[in-house]
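Below is one structure; the comments refer to it alone.
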Amino acid sequence: MPFVIEKQQLNALSATVSDVHTNAVVAMGECPGGRCGNNCSGTCAWSPCTNLCAATSH
Amino acid sequence: MQEAKIQRNPGSITLTLTDACNLRCSYCYEHHKSTNRMSFETARDILDRELVNTDMESLTIDFFGGEPFLEFPTMKRICEYVWSRDWDVEYKFFVSTNGTLVHGEVRDWLAGHRESFWVGLSYDGTPAMNNLNRDRSSDEIDLPFFASNWPTQGIKMTVSRETLPNLAEGVRFLHEQGFSVNCNLAYGPDWDSGHWNDVLQSQLMELIDFYVENPHIKPCSMLSMEIPYVAVADRLEYTKWCGAGTNMKVYSPDGTCYPCHFFEPMAVGKEMAERSLTIDFANAAQLKDRDCDGCILMPICPTCYGSNFAATGDITKKDRDLCALTKTMAMANSYLWYRLLDRYDDDELGINRERRKLLTDGIVAIQDGFTNDFKTLG
């Protein structure tokens, strides 16, 4: 798998945000699972879902 | 005393104006095309009902087919009818098209109504890729017309086995034309081979290199998974993936209402279409594929209830062939964000510190999950 990141690099990345605290579930209010109540996030295989998603500015 | 907060969502009313199409695309899921057409009177009666007393916040009136521009006179008459009256709900018109009939009068009419009538174009990458998938139609489609009139509307790019080896080239081409790109693997083909996963990995790596060099371009949908969800997968309730059967209503030419266009007789045949009318889409928990219990990718793994139903008769059962490819996409998303966060600051990426933290947690969760084949819950 070409996308694997070394543990050491991951730890270094995490360290850069160790002082940031978020309520992740609350913070993720945007699409997916956002305004329209769906979470297709443009990954739906067919129009019109995908197109509607863009058209309603999610 | 606090008032109860009532959430009202946008909805869509799809009018399938015709079961006919002027193209024969290689991956088309509409296996029962016919000459059925929706009459103006049928459409008018539907909209007279749906645009009054709706519980939706707003409605998109979507014209669908087949190729809906085969019925342009009816489409135009419906729009003029709706525009001539006051309604209880905000609405806009939308059409999903292959673009081949957008010339002359159609083109002039669309340009004149571009603020209230949106157009979504299906086009599969470079002209050569589009020709391969979509019946040699590229020369008949005026891409700049669509890009200039609806610049924020993404283009719909379906990826077949024949075009996957050129995925990156196709996405870059469409970005160069000014489109954001909603791309997905075609449902239906047999993707169950390590070969396709190898090809996908190679193509996604090419795209990642492109997006890292061009951070102002919104990545295509394959590389826009909402990865922060993975870090909190154990705290999320399963939510319905799309609006099928709830926010979406799809009317076939005879005026029958289906959960989405995939359940129409044109797609799955009359018998299965009738069976779909008894399915309850309101209870999200019952729509979950139980074989996916414990997988941390559940919140970002796409499903299509209609495709599942057509293939297995069960709306919950995902295509297992796509499982390995979805895991590859999740890893690619984590890798893209790792490189972006490592190279650019928040302002350059247009994010804040909280978003950086959420993305970082998502990256770590996916990378950790990879060593356990993503089955890390419960």
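By order in the structure tokens, chains are A, B, ...; within a chain, residues start at 1; ligands start at 1, following the order shown.
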Item to check | Neighbour list for region 81-90 of chain B as a VMD selection string, cut-off 8 Å, only C-alpha atoms, skip fewer than 5 positions in-chain | outcome: chain B and resid 44 51 to 54 56 to 59
Checklist entry - Once you count only C-alpha atoms, which residues of chain B turn out to be within 7 Å of chain A? Could you give them as a ChimeraX atom specification? => result /B:9-10,96,120,153-154,182,184,221,226,240-243,302,304,331-332,335,354,357-358,360,364,367
Could the residues in this selection be saved with C-alpha atoms as a short mmCIF file (atom, residue, chain, number, x, y, z; two decimals), in the first residue's frame?
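Saved result, result_21.cif, follows:
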```
data_model
loop_
_atom_site.label_atom_id
_atom_site.label_comp_id
_atom_site.auth_asym_id
_atom_site.auth_seq_id
_atom_site.Cartn_x
_atom_site.Cartn_y
_atom_site.Cartn_z
CA ASN B 9 -34.32 19.83 5.14
CA PRO B 10 -34.10 20.46 1.43
CA SER B 96 -29.22 15.96 -15.34
CA GLY B 120 -25.64 19.05 -14.21
CA GLN B 153 -21.78 22.99 -10.39
CA GLY B 154 -19.57 19.91 -10.29
CA ASN B 182 -17.64 14.36 -8.71
CA ASN B 184 -17.12 7.54 -8.76
CA SER B 221 -14.88 13.48 -4.62
CA GLU B 226 -14.79 13.43 5.38
CA LYS B 240 -28.91 7.35 6.24
CA TRP B 241 -26.50 7.73 3.34
CA CYS B 242 -28.74 9.60 0.91
CA GLY B 243 -32.24 10.95 0.50
CA PRO B 302 -20.46 5.10 0.26
CA CYS B 304 -26.20 3.02 -2.88
CA MET B 331 -5.83 5.53 2.84
CA ALA B 332 -5.29 7.86 -0.11
CA TYR B 335 -2.15 10.45 2.81
CA GLU B 354 -9.81 23.00 15.02
CA LYS B 357 -6.90 18.90 14.64
CA LEU B 358 -9.94 16.98 13.32
CA THR B 360 -5.07 14.99 11.98
CA VAL B 364 -4.14 8.84 12.51
CA GLN B 367 -3.48 4.81 9.33
#
```
Checklist entry - For Arg343 (chain B), which of B:Val230, B:Ile315, B:Met266, B:Val212 is the closest residue, counting only C-alpha atoms? => result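 Smallest distance to Arg343 (chain B) is found for B:Val212.
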Next on the checklist: Give me the residues near Leu23 (chain B) as a list of chain:residue names, where near means some atom within 10 Å (using only C-alpha atoms) and where sequence neighbours in that chain fewer than 3 positions away do not count.
Outcome noted: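 In the requested format, the answer is B:Ala20, B:Ser26, B:Cys28, B:Gly66, B:Glu67, B:Asn98, B:Thr100, B:Arg134, B:Asp135, B:Arg136, B:Ser137.
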Based on the backbone DSSP call, show me all residues of region 231-316 of chain B assigned strand (DSSP E or B), as a tab-separated table (two decimals) with N, CA and C atoms, in the first residue's frame.
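Output file part11.tsv follows:
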```
chain	number	residue	atom	x	y	z
B	248	MET	N	-36.01	12.44	-1.10
B	248	MET	CA	-36.16	12.34	-2.56
B	248	MET	C	-37.47	11.65	-2.93
B	249	LYS	N	-38.15	12.20	-3.90
B	249	LYS	CA	-39.28	11.51	-4.50
B	249	LYS	C	-39.04	11.52	-6.01
B	250	VAL	N	-39.16	10.35	-6.61
B	250	VAL	CA	-38.89	10.25	-8.04
B	250	VAL	C	-40.15	9.73	-8.74
B	251	TYR	N	-40.62	10.49	-9.69
B	251	TYR	CA	-41.84	10.12	-10.42
B	251	TYR	C	-41.48	9.59	-11.80
B	257	CYS	N	-44.68	7.17	-7.87
B	257	CYS	CA	-43.58	7.72	-7.08
B	257	CYS	C	-42.68	6.59	-6.55
B	258	TYR	N	-41.37	6.71	-6.77
B	258	TYR	CA	-40.40	5.71	-6.31
B	258	TYR	C	-39.38	6.37	-5.37
B	295	CYS	N	-16.44	-1.79	11.46
B	295	CYS	CA	-15.50	-1.14	10.53
B	295	CYS	C	-15.51	0.36	10.77
```
Item to check | Counting only C-alpha atoms, the residue of B:Asn333, B:Thr74, B:Gln177, B:Ser193 that sits nearest Ser148 (chain B) | outcome: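 Nearest to Ser148 (chain B): B:Gln177.
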Item to check | Residue contacts of Thr328 (chain B) (12 Å, only C-alpha atoms) excluding same-chain residues fewer than 3 positions away, as JSON, numbers by chain | outcome: {"A": [1, 2, 3, 4], "B": [194, 196, 197, 198, 199, 200, 201, 202, 203, 204, 205, 222, 223, 225, 297, 301, 322, 323, 324, 325, 331, 332, 333, 334, 335, 366, 367, 370, 373, 374]}
Next on the checklist: Report, in Å to a single decimal, how far apart CA of Asn149 (chain B) and CA of Arg114 (chain B) are.
Outcome noted: 6.6 Å
Next on the checklist: Please compute the CA of Glu80 (chain B)-CA of Ile141 (chain B) distance, one decimal, in Å.
Outcome noted: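 CA of Ile141 (chain B) lies at a distance of 26.0 Å from CA of Glu80 (chain B).
Using only C-alpha atoms for every distance, the candidate list B:Thr16, B:Ser39, B:Ser116, B:Thr376 yields B:Ser116 as the residue closest to Trp150 (chain B).
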Checklist entry - So what do you get for CA of Tyr91 (chain B) versus CA of Ile61 (chain B), distance-wise? => result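 The value is 7.0 Å.
Omitting Val95 (chain B) and its sequence neighbours fewer than 6 positions away, and counting only C-alpha atoms, the residues within 6 Å are Asp62, Phe63 and Val119 of chain B.
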Would you export the selected residues with C-alpha atoms as a PDB file, in the first residue's frame, please?
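Result went into result22.pdb, see below:
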```
ATOM      1  CA  ASP B  62     -35.176  17.741 -11.083  1.00  0.00           C
ATOM      2  CA  PHE B  63     -35.710  16.684 -14.683  1.00  0.00           C
ATOM      3  CA  VAL B 119     -27.706  22.039 -15.302  1.00  0.00           C
TER       4      VAL B 119
END
```
